[in-house]
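Let me begin by presenting the structure, written as structure tokens, before commenting on it.
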Amino acid sequence: MKTIFVVDDNDTNLMMVKRALDGIYKTFALPSAEKMFKLAEKIRPDLILLDVNMPVMNGFEAMKILKANKELKDVPIVFLTARNDEASEIEGFGLGAIDFINKPFSAPVLVRRIESHIETDKLVKKSQQAVRNIHLATISVIADMVESRDKETGGHIERTQIYLEIIVNELIRMGIYQDEIQSWDMSLLLPSAQLHDVGKITVSDLILNKPSKLTDDEFKLIKQHCGYGERIINKIINQTHNDDFLLHAKRFSGYHHEKWDGSGYPHGLKGTEIPLEGRILAVADVYDALVSKRPYKEPFSHERAVEIICSDSGSHFDPNIIEAFKNVVDAFKAC
């Protein structure tokens, strides 16, 4: 049964709406926006019927807060109000409302309008999920293509994604960079990390699979994969206008070889100039490189890899991220 919040400072209106909807929806009658926000911390509604004229916080003010809330911004909002002027409707629709229902209302009409909006929202969400599934499948295929060309780094993409998730979860637990991380859609962030080496598509197989240590000139060519990857993803963003989906991928690709002290590449950024995604992935990427066999080296032990990474706190790596890394090194070893 779908959940409906009805928010109105008038008890009579609340009772009328609740009577009309009871038995069809799980309905919560709330006398103020403040009560709505408090209940929304525990229960996520499927639709909100919101009055405009309320004391303390009116419907338009409440709407702005709802749309700024990551957990509630996609909940459909219908204004149920005695206002029927054009200016109010323009303001409400501009804030993101999906409908205006005028008081006094007909109960059957109210039910039918809500049914229509609930069904439309269901179809929209189904369509959005289908598109997301296509995006994630595309990412996976591209990542597999990249990794299949580099025979010395098999499993690297999958492992770094696992390490990334471990670090991000610990940063959340510790409250580090909390505001920025809370704005991320984790269901997109983690798969997007699979594209961090997409720029290697432009690098010759002879260099990628060279069975010995690279020359300085060859290493310069390898280093260009970050910039190439960033440009490839930028091109997709510009053509699809789907920057929400690919923004994380762009940051992973373009910035995972930047260093905290500014000595990294391709941009030579320093400190928090480096996007947070790049700073986190840098730790995961280096750890995997250290504990993996390469043509020019044997794998380091877990303990030695941790020692090297921690010693580079404040030079290569963000010190705050290293503090989180120290807390989860056992989880890295278990992978």
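Labeling convention for the structure tokens: chains A, B, ... as they appear, residues from 1 per chain, ligands from 1 in order of appearance.
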
Exercise for review: Name the residues in contact with Leu281 (chain A) at a cut-off of 10 Å, using only C-alpha atoms, excluding same-chain residues fewer than 6 positions from it; report them as a ChimeraX atom specification.
Suggested key: /A:160-161,163-165,167-168,193,196,251-253,255-257,287

Emit the selected residues as a short mmCIF file (atom, residue, chain, number, x, y, z; two decimals), in the first residue's frame, including N, CA and C atoms.
data_model
loop_
_atom_site.label_atom_id
_atom_site.label_comp_id
_atom_site.auth_asym_id
_atom_site.auth_seq_id
_atom_site.Cartn_x
_atom_site.Cartn_y
_atom_site.Cartn_z
N THR A 160 39.97 -2.44 -7.48
CA THR A 160 40.00 -1.04 -7.06
C THR A 160 38.59 -0.55 -6.71
N GLN A 161 37.59 -1.07 -7.40
CA GLN A 161 36.22 -0.70 -7.07
C GLN A 161 35.86 -1.19 -5.66
N TYR A 163 38.05 -1.73 -3.18
CA TYR A 163 38.82 -0.92 -2.23
C TYR A 163 38.19 0.47 -2.07
N LEU A 164 37.73 1.02 -3.19
CA LEU A 164 37.09 2.33 -3.16
C LEU A 164 35.89 2.31 -2.22
N GLU A 165 35.06 1.29 -2.35
CA GLU A 165 33.87 1.20 -1.51
C GLU A 165 34.23 1.08 -0.03
N ILE A 167 36.90 2.31 1.48
CA ILE A 167 37.36 3.61 1.97
C ILE A 167 36.20 4.59 2.11
N VAL A 168 35.33 4.63 1.12
CA VAL A 168 34.19 5.56 1.18
C VAL A 168 33.32 5.26 2.38
N ALA A 193 33.73 4.03 -11.23
CA ALA A 193 35.17 3.85 -11.02
C ALA A 193 35.76 2.86 -12.02
N HIS A 196 38.05 4.35 -14.74
CA HIS A 196 39.17 5.23 -14.39
C HIS A 196 40.37 5.08 -15.32
N ARG A 251 35.95 12.31 -13.12
CA ARG A 251 36.87 12.66 -12.02
C ARG A 251 37.79 11.50 -11.68
N PHE A 252 37.27 10.29 -11.69
CA PHE A 252 38.12 9.13 -11.44
C PHE A 252 39.20 9.03 -12.52
N SER A 253 38.79 9.18 -13.76
CA SER A 253 39.71 9.01 -14.88
C SER A 253 40.77 10.11 -14.92
N TYR A 255 41.80 12.30 -12.54
CA TYR A 255 42.49 12.82 -11.37
C TYR A 255 43.06 11.76 -10.42
N HIS A 256 43.02 10.47 -10.77
CA HIS A 256 43.48 9.48 -9.82
C HIS A 256 45.00 9.39 -9.75
N HIS A 257 45.71 10.11 -10.64
CA HIS A 257 47.18 10.16 -10.54
C HIS A 257 47.69 11.54 -10.08
N TYR A 287 47.46 1.00 -3.93
CA TYR A 287 47.52 -0.24 -3.14
C TYR A 287 47.49 -1.45 -4.06
#

**Study point:** Neighbour list for Ser106 (chain A) as an NGL selection string, cut-off 12 Å, only C-alpha atoms, skip fewer than 2 positions in-chain
**Key:** :A and (16-17 or 19-21 or 80 or 101-104 or 108-113)

Point to revise | Polymer residues at most 12 Å from Glu91 (chain A), only C-alpha atoms, same-chain spacing of 2 or more positions, as number ranges by chain | key: A: 52, 59-61, 63-64, 79, 83-89, 93-100

Point to revise | Selected residue, from A:Ser192, A:Ser116, A:Asn169, A:Asn238, that lies nearest to Leu136 (chain A) when counting only C-alpha atoms | key: A:Ser192

Practice item. Enumerate the residues of region 95-295 of chain A with a DSSP assignment of strand (DSSP E), computed from the backbone, and present them as a PyMOL selection string. Key: chain A and resi 99-102

Export of the given selection (N, CA and C atoms) as a compact mmCIF listing (two decimals), in the first residue's frame:
# COMPACT_ATOMS: atom_id res chain seq x y z
N ASP A 99 1.11 19.00 -9.49
CA ASP A 99 -0.31 19.31 -9.67
C ASP A 99 -0.79 20.29 -8.61
N PHE A 100 -1.90 20.97 -8.91
CA PHE A 100 -2.64 21.80 -7.96
C PHE A 100 -4.06 21.27 -7.89
N ILE A 101 -4.54 20.97 -6.70
CA ILE A 101 -5.94 20.58 -6.50
C ILE A 101 -6.57 21.62 -5.59
N ASN A 102 -7.64 22.22 -6.06
CA ASN A 102 -8.26 23.32 -5.32
C ASN A 102 -9.25 22.82 -4.27

Exercise for review: Would you return as a list in words the members of region 182-226 of chain A that DSSP assigns to alpha helix (DSSP H) on this structure's backbone?
Suggested key: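 The residues of region 182-226 of chain A classed as alpha helix (DSSP H) are Gln182, Met186, Ser187, Leu188, Leu189, Leu190, Pro191, Ser192, Asp205, Leu206, Ile207, Leu208, Asp216, Asp217, Glu218, Phe219, Lys220, Leu221, Ile222, Lys223, His225 and Cys226 of chain A.
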
Point to revise | Polymer residues at most 12 Å from Gly229 (chain A), only C-alpha atoms, same-chain spacing of 5 or more positions, as a PyMOL selection string | key: chain A and resi 142-143+146+194-203+222-224+234-236+246+249-256+266

Keeping N, CA, C and O atoms, export the residues of the selection given above as an mmCIF file, in the first residue's frame.
data_model
loop_
_atom_site.group_PDB
_atom_site.id
_atom_site.type_symbol
_atom_site.label_atom_id
_atom_site.label_comp_id
_atom_site.auth_asym_id
_atom_site.auth_seq_id
_atom_site.Cartn_x
_atom_site.Cartn_y
_atom_site.Cartn_z
ATOM 1 N N ILE A 142 32.710 -1.474 -21.528
ATOM 2 C CA ILE A 142 33.870 -0.644 -21.860
ATOM 3 C C ILE A 142 35.043 -0.984 -20.952
ATOM 4 O O ILE A 142 36.200 -1.111 -21.394
ATOM 5 N N ALA A 143 34.748 -1.141 -19.656
ATOM 6 C CA ALA A 143 35.813 -1.474 -18.703
ATOM 7 C C ALA A 143 36.460 -2.813 -19.045
ATOM 8 O O ALA A 143 37.691 -2.967 -18.971
ATOM 9 N N VAL A 146 38.832 -2.349 -21.941
ATOM 10 C CA VAL A 146 40.083 -1.702 -21.538
ATOM 11 C C VAL A 146 40.989 -2.716 -20.857
ATOM 12 O O VAL A 146 42.177 -2.846 -21.181
ATOM 13 N N GLN A 194 34.918 2.028 -12.618
ATOM 14 C CA GLN A 194 35.406 1.064 -13.605
ATOM 15 C C GLN A 194 36.027 1.755 -14.825
ATOM 16 O O GLN A 194 36.796 1.143 -15.555
ATOM 17 N N LEU A 195 35.673 3.027 -15.028
ATOM 18 C CA LEU A 195 36.180 3.752 -16.198
ATOM 19 C C LEU A 195 37.439 4.562 -15.895
ATOM 20 O O LEU A 195 37.864 5.360 -16.728
ATOM 21 N N HIS A 196 38.046 4.349 -14.744
ATOM 22 C CA HIS A 196 39.167 5.232 -14.386
ATOM 23 C C HIS A 196 40.368 5.077 -15.322
ATOM 24 O O HIS A 196 41.161 6.007 -15.467
ATOM 25 N N ASP A 197 40.495 3.945 -15.989
ATOM 26 C CA ASP A 197 41.605 3.744 -16.932
ATOM 27 C C ASP A 197 41.136 3.708 -18.388
ATOM 28 O O ASP A 197 41.833 3.165 -19.257
ATOM 29 N N VAL A 198 39.960 4.287 -18.655
ATOM 30 C CA VAL A 198 39.424 4.212 -20.010
ATOM 31 C C VAL A 198 40.354 4.855 -21.030
ATOM 32 O O VAL A 198 40.378 4.467 -22.205
ATOM 33 N N GLY A 199 41.166 5.817 -20.602
ATOM 34 C CA GLY A 199 42.094 6.482 -21.505
ATOM 35 C C GLY A 199 43.167 5.562 -22.068
ATOM 36 O O GLY A 199 43.823 5.891 -23.069
ATOM 37 N N LYS A 200 43.334 4.391 -21.465
ATOM 38 C CA LYS A 200 44.323 3.440 -21.970
ATOM 39 C C LYS A 200 43.923 2.874 -23.335
ATOM 40 O O LYS A 200 44.745 2.235 -24.000
ATOM 41 N N ILE A 201 42.700 3.101 -23.735
ATOM 42 C CA ILE A 201 42.271 2.711 -25.080
ATOM 43 C C ILE A 201 43.167 3.343 -26.135
ATOM 44 O O ILE A 201 43.400 2.778 -27.207
ATOM 45 N N THR A 202 43.700 4.527 -25.830
ATOM 46 C CA THR A 202 44.511 5.270 -26.802
ATOM 47 C C THR A 202 45.986 4.881 -26.764
ATOM 48 O O THR A 202 46.769 5.369 -27.581
ATOM 49 N N VAL A 203 46.373 4.018 -25.828
ATOM 50 C CA VAL A 203 47.779 3.660 -25.655
ATOM 51 C C VAL A 203 48.091 2.392 -26.448
ATOM 52 O O VAL A 203 47.318 1.432 -26.453
ATOM 53 N N ILE A 222 52.235 6.612 -21.383
ATOM 54 C CA ILE A 222 51.281 5.975 -20.460
ATOM 55 C C ILE A 222 50.572 7.027 -19.618
ATOM 56 O O ILE A 222 49.356 6.963 -19.376
ATOM 57 N N LYS A 223 51.324 8.030 -19.153
ATOM 58 C CA LYS A 223 50.752 9.069 -18.284
ATOM 59 C C LYS A 223 49.641 9.855 -18.976
ATOM 60 O O LYS A 223 48.784 10.446 -18.323
ATOM 61 N N GLN A 224 49.650 9.842 -20.302
ATOM 62 C CA GLN A 224 48.630 10.593 -21.025
ATOM 63 C C GLN A 224 47.245 9.954 -20.940
ATOM 64 O O GLN A 224 46.243 10.572 -21.326
ATOM 65 N N ASN A 234 34.279 13.436 -21.292
ATOM 66 C CA ASN A 234 33.717 14.765 -21.561
ATOM 67 C C ASN A 234 32.933 14.770 -22.867
ATOM 68 O O ASN A 234 31.865 15.394 -22.971
ATOM 69 N N LYS A 235 33.471 14.084 -23.866
ATOM 70 C CA LYS A 235 32.801 14.037 -25.170
ATOM 71 C C LYS A 235 31.446 13.346 -25.049
ATOM 72 O O LYS A 235 30.446 13.792 -25.639
ATOM 73 N N ILE A 236 31.393 12.266 -24.270
ATOM 74 C CA ILE A 236 30.123 11.566 -24.065
ATOM 75 C C ILE A 236 29.135 12.463 -23.331
ATOM 76 O O ILE A 236 27.950 12.535 -23.678
ATOM 77 N N LEU A 246 27.979 10.503 -15.547
ATOM 78 C CA LEU A 246 29.381 10.353 -15.925
ATOM 79 C C LEU A 246 30.348 11.280 -15.200
ATOM 80 O O LEU A 246 31.559 11.162 -15.378
ATOM 81 N N ALA A 249 32.816 9.364 -13.158
ATOM 82 C CA ALA A 249 33.759 8.658 -14.028
ATOM 83 C C ALA A 249 34.830 9.613 -14.547
ATOM 84 O O ALA A 249 36.018 9.268 -14.613
ATOM 85 N N LYS A 250 34.424 10.807 -14.915
ATOM 86 C CA LYS A 250 35.365 11.818 -15.403
ATOM 87 C C LYS A 250 36.397 12.158 -14.335
ATOM 88 O O LYS A 250 37.599 12.268 -14.610
ATOM 89 N N ARG A 251 35.952 12.315 -13.115
ATOM 90 C CA ARG A 251 36.870 12.661 -12.025
ATOM 91 C C ARG A 251 37.789 11.505 -11.678
ATOM 92 O O ARG A 251 38.967 11.706 -11.388
ATOM 93 N N PHE A 252 37.265 10.288 -11.688
ATOM 94 C CA PHE A 252 38.122 9.129 -11.443
ATOM 95 C C PHE A 252 39.198 9.028 -12.522
ATOM 96 O O PHE A 252 40.373 8.816 -12.223
ATOM 97 N N SER A 253 38.793 9.176 -13.760
ATOM 98 C CA SER A 253 39.714 9.007 -14.883
ATOM 99 C C SER A 253 40.766 10.107 -14.919
ATOM 100 O O SER A 253 41.961 9.830 -15.104
ATOM 101 N N GLY A 254 40.330 11.338 -14.739
ATOM 102 C CA GLY A 254 41.239 12.467 -14.924
ATOM 103 C C GLY A 254 42.132 12.788 -13.757
ATOM 104 O O GLY A 254 43.163 13.455 -13.929
ATOM 105 N N TYR A 255 41.797 12.296 -12.542
ATOM 106 C CA TYR A 255 42.488 12.824 -11.369
ATOM 107 C C TYR A 255 43.062 11.765 -10.421
ATOM 108 O O TYR A 255 43.588 12.116 -9.360
ATOM 109 N N HIS A 256 43.016 10.472 -10.775
ATOM 110 C CA HIS A 256 43.482 9.475 -9.825
ATOM 111 C C HIS A 256 45.001 9.386 -9.753
ATOM 112 O O HIS A 256 45.534 8.682 -8.887
ATOM 113 N N PRO A 266 47.548 14.518 -14.570
ATOM 114 C CA PRO A 266 48.057 15.341 -15.682
ATOM 115 C C PRO A 266 48.010 16.846 -15.431
ATOM 116 O O PRO A 266 48.598 17.609 -16.181
#

Review point. For the atom pair CA of Gly227 (chain A) and CA of Ser140 (chain A), what is the interatomic distance in Å to one decimal place?
Key: 20.7 Å

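For the pair CA of Ala331 (chain A) and CA of Val283 (chain A), the separation is 14.0 Å.
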
Check your understanding: For Asn327 (chain A), which residue out of A:Asn58, A:Leu188, A:Val306, A:Lys293 is the nearest one, using only C-alpha atoms?
Key ->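 Ranked by minimum distance to Asn327 (chain A), first place goes to A:Val306.
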
Point to revise | region 3-11 of chain A environment, 12 Å, only C-alpha atoms, sequence neighbours closer than 6 positions dropped, as an MDAnalysis selection string | key: chainID A and resid 17:40 43:59 62:63 75:82 103 111 114:115 117:118

Revision key, fill the gap. Taken to one decimal, the CA of Leu247 (chain A)-CA of Trp184 (chain A) distance is 10.5 Å

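The protein and nucleic acid residues lying at most 9 Å from Phe325 (chain A) are Ile166, Ile167, Glu170, Leu171, Val283, Val306, Cys310, Asn320, Ile321, Ile322, Glu323, Asn327, Val328 and Val329 of chain A, with only C-alpha atoms considered and sequence neighbours fewer than 2 positions away removed.
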